[in-house]
Amino acid sequence: MLFAHDTECGLTAAAALVNTAGPDREGLPDVAALDGFFTTHGWSGRHEHTEVELRQVRALRPRLRRIWDTDTDGVVEIVNTLLRESHALPQLIRHDDEPYHLHAVPRDAPLATRMAVEAAMAVADLVRMNELSRLRHCAHPDCDDVLVDLSKNRSRRFCDGSCGNRAAVSAYRARRAASPS
């Protein structure tokens, strides 16, 4: 593990949330999809299962995407704004058989607020450790997803989708086409 468990979880969930929105796709089309996202990413605490909550979570996505698209000073501004708006007050918490980790808003805060703060706290760790280069865009030319490179050697280039496989197949076909028969 390169970072604290809650940092890695926050970064991974933030990237996954950003990637639910795309130019020709909606990864959170309804409350049931948000329920699945909530479960998949191990969220706990308040979850209202409402259209209002879904709209609030969707509204967070472009704000988080900006983190991948700006320089360090811009990231710091986004992080500080998210924390300030949420009235974040970091505290060590232990729940659900997890070790102590930081929560900066109560577990009964709205889901979108908790998502914003978890992402902001995780990105703050990257800023403090001068590791913002771990936030990347997928290298596949047909993909606009973002990723967090948690590999030790900083070698991850593709998102969790099938982009890595598609790139490998394309490279293989190009090599085959270029080799004399």
# chains A, B, ... in the order shown; residues from 1 in each chain; ligands from 1
$ residues_around --residues "range 11-24 of chain A" --least-positions-apart "6" --cutoff "6 Å" --atoms "only C-alpha atoms" --output "ChimeraX atom specification"
/A:61,65,119,122,145-147
$ write_last_selection --atoms "C-alpha atoms" --output "CSV table (one decimal), in the first residue's frame"
chain,number,residue,atom,x,y,z
A,61,ARG,CA,-18.7,14.9,-10.8
A,65,ARG,CA,-13.1,16.0,-12.8
A,119,ALA,CA,-12.2,13.0,-2.4
A,122,ALA,CA,-7.5,12.0,-0.4
A,145,ASP,CA,-11.9,8.5,-18.3
A,146,VAL,CA,-9.6,9.4,-15.5
A,147,LEU,CA,-7.5,7.1,-13.3
$ residues_around --residues "Phe38 in chain A" --least-positions-apart "5" --cutoff "10 Å" --atoms "only C-alpha atoms" --output "number ranges by chain"
A: 13, 32-33, 43-44, 47, 111
$ atom_distance --atom1 "CA of Ala124 in chain A" --atom2 "CA of Phe158 in chain A"
23.3 Å
$ closest_residue --among "A:Arg154, A:Asp144, A:Leu132, A:Ile67" --to "Arg25 in chain A" --atoms "only C-alpha atoms"
A:Asp144
$ residues_around --residues "Arg55 in chain A" --least-positions-apart "2" --cutoff "10 Å" --atoms "only C-alpha atoms" --output "list of chain:residue names"
A:Leu28, A:Asp30, A:Val31, A:Thr50, A:Glu51, A:Val52, A:Glu53, A:Val57, A:Arg58, A:Ala59, A:Leu60, A:Ala112
$ write_last_selection --atoms "all heavy atoms" --output "compact mmCIF listing (two decimals), in the first residue's frame"
# COMPACT_ATOMS: atom_id res chain seq x y z
N LEU A 28 -24.67 6.80 -13.90
CA LEU A 28 -25.61 6.86 -12.77
C LEU A 28 -26.97 7.31 -13.30
O LEU A 28 -27.45 8.40 -12.99
CB LEU A 28 -25.10 7.83 -11.70
CG LEU A 28 -23.83 7.45 -10.96
CD1 LEU A 28 -23.40 8.57 -10.01
CD2 LEU A 28 -23.99 6.14 -10.22
N ASP A 30 -29.95 6.25 -12.62
CA ASP A 30 -31.09 6.22 -11.69
C ASP A 30 -30.59 5.92 -10.28
O ASP A 30 -29.41 5.67 -10.05
CB ASP A 30 -32.13 5.19 -12.14
CG ASP A 30 -31.52 3.81 -12.40
OD1 ASP A 30 -30.54 3.44 -11.71
OD2 ASP A 30 -32.01 3.11 -13.30
N VAL A 31 -31.53 5.93 -9.35
CA VAL A 31 -31.19 5.71 -7.94
C VAL A 31 -30.62 4.30 -7.74
O VAL A 31 -29.70 4.11 -6.94
CB VAL A 31 -32.43 5.95 -7.05
CG1 VAL A 31 -32.16 5.54 -5.61
CG2 VAL A 31 -32.85 7.42 -7.11
N THR A 50 -32.75 8.65 -3.00
CA THR A 50 -33.72 9.58 -3.59
C THR A 50 -33.16 10.21 -4.86
O THR A 50 -31.95 10.22 -5.09
CB THR A 50 -34.07 10.72 -2.61
OG1 THR A 50 -32.88 11.50 -2.36
CG2 THR A 50 -34.63 10.18 -1.29
N GLU A 51 -34.05 10.76 -5.66
CA GLU A 51 -33.65 11.50 -6.86
C GLU A 51 -32.84 12.74 -6.49
O GLU A 51 -31.92 13.11 -7.21
CB GLU A 51 -34.88 11.89 -7.69
CG GLU A 51 -35.57 10.74 -8.38
CD GLU A 51 -34.73 10.13 -9.50
OE1 GLU A 51 -34.00 10.87 -10.18
OE2 GLU A 51 -34.82 8.91 -9.70
N VAL A 52 -33.19 13.39 -5.40
CA VAL A 52 -32.45 14.58 -4.95
C VAL A 52 -31.00 14.21 -4.65
O VAL A 52 -30.07 14.88 -5.09
CB VAL A 52 -33.12 15.23 -3.72
CG1 VAL A 52 -32.24 16.30 -3.11
CG2 VAL A 52 -34.48 15.79 -4.09
N GLU A 53 -30.81 13.12 -3.93
CA GLU A 53 -29.45 12.66 -3.62
C GLU A 53 -28.70 12.31 -4.91
O GLU A 53 -27.54 12.68 -5.07
CB GLU A 53 -29.53 11.44 -2.70
CG GLU A 53 -28.17 10.92 -2.27
CD GLU A 53 -28.31 9.74 -1.34
OE1 GLU A 53 -28.86 8.69 -1.76
OE2 GLU A 53 -27.86 9.86 -0.18
N VAL A 57 -25.16 14.02 -6.19
CA VAL A 57 -23.96 13.24 -6.51
C VAL A 57 -23.52 13.53 -7.94
O VAL A 57 -22.34 13.74 -8.22
CB VAL A 57 -24.19 11.74 -6.27
CG1 VAL A 57 -23.05 10.91 -6.83
CG2 VAL A 57 -24.37 11.46 -4.78
N ARG A 58 -24.47 13.56 -8.87
CA ARG A 58 -24.13 13.88 -10.27
C ARG A 58 -23.49 15.26 -10.38
O ARG A 58 -22.56 15.47 -11.15
CB ARG A 58 -25.38 13.83 -11.14
CG ARG A 58 -25.86 12.46 -11.48
CD ARG A 58 -27.12 12.60 -12.31
NE ARG A 58 -27.70 11.35 -12.72
CZ ARG A 58 -28.94 11.24 -13.17
NH1 ARG A 58 -29.71 12.31 -13.29
NH2 ARG A 58 -29.41 10.07 -13.53
N ALA A 59 -24.00 16.22 -9.61
CA ALA A 59 -23.48 17.59 -9.66
C ALA A 59 -22.04 17.67 -9.15
O ALA A 59 -21.30 18.59 -9.51
CB ALA A 59 -24.37 18.53 -8.85
N LEU A 60 -21.63 16.72 -8.34
CA LEU A 60 -20.27 16.70 -7.81
C LEU A 60 -19.26 16.29 -8.88
O LEU A 60 -18.10 16.71 -8.86
CB LEU A 60 -20.20 15.74 -6.62
CG LEU A 60 -18.85 15.51 -5.96
CD1 LEU A 60 -18.26 16.82 -5.44
CD2 LEU A 60 -19.00 14.49 -4.84
N ALA A 112 -23.51 13.16 -1.03
CA ALA A 112 -22.67 13.97 -1.92
C ALA A 112 -21.64 14.76 -1.13
O ALA A 112 -20.49 14.92 -1.57
CB ALA A 112 -23.53 14.91 -2.77
$ select_by_dssp --residues "chain A" --states "strand (DSSP E or B)" --output "list in words"
Ala21, Gly22, Arg25, Glu26, Gln91, Leu92, Ile93, His101, Leu102, His103, Leu135, Arg136, His137, Val146, Leu147 and Val148 of chain A
$ select_by_dssp --residues "range 108-169 of chain A" --states "alpha helix (DSSP H)" --output "ChimeraX atom specification"
/A:111-128,163-169
$ residues_around --residues "Ser162 in chain A" --least-positions-apart "4" --cutoff "10 Å" --atoms "only C-alpha atoms" --output "count of residues only"
5
$ residues_around --residues "Leu135 in chain A" --least-positions-apart "6" --cutoff "7 Å" --atoms "only C-alpha atoms" --output "ChimeraX atom specification"
/A:68,147-149
$ write_last_selection --atoms "N, CA and C atoms" --output "compact mmCIF listing (two decimals), in the first residue's frame"
# COMPACT_ATOMS: atom_id res chain seq x y z
N TRP A 68 -8.39 16.57 -12.11
CA TRP A 68 -7.51 15.90 -13.06
C TRP A 68 -7.06 16.84 -14.17
N LEU A 147 -7.97 8.19 -14.12
CA LEU A 147 -7.51 7.08 -13.30
C LEU A 147 -6.58 7.59 -12.22
N VAL A 148 -6.36 6.74 -11.24
CA VAL A 148 -5.40 7.00 -10.17
C VAL A 148 -4.36 5.89 -10.27
N ASP A 149 -3.13 6.26 -10.50
CA ASP A 149 -2.06 5.28 -10.62
C ASP A 149 -1.51 4.99 -9.22
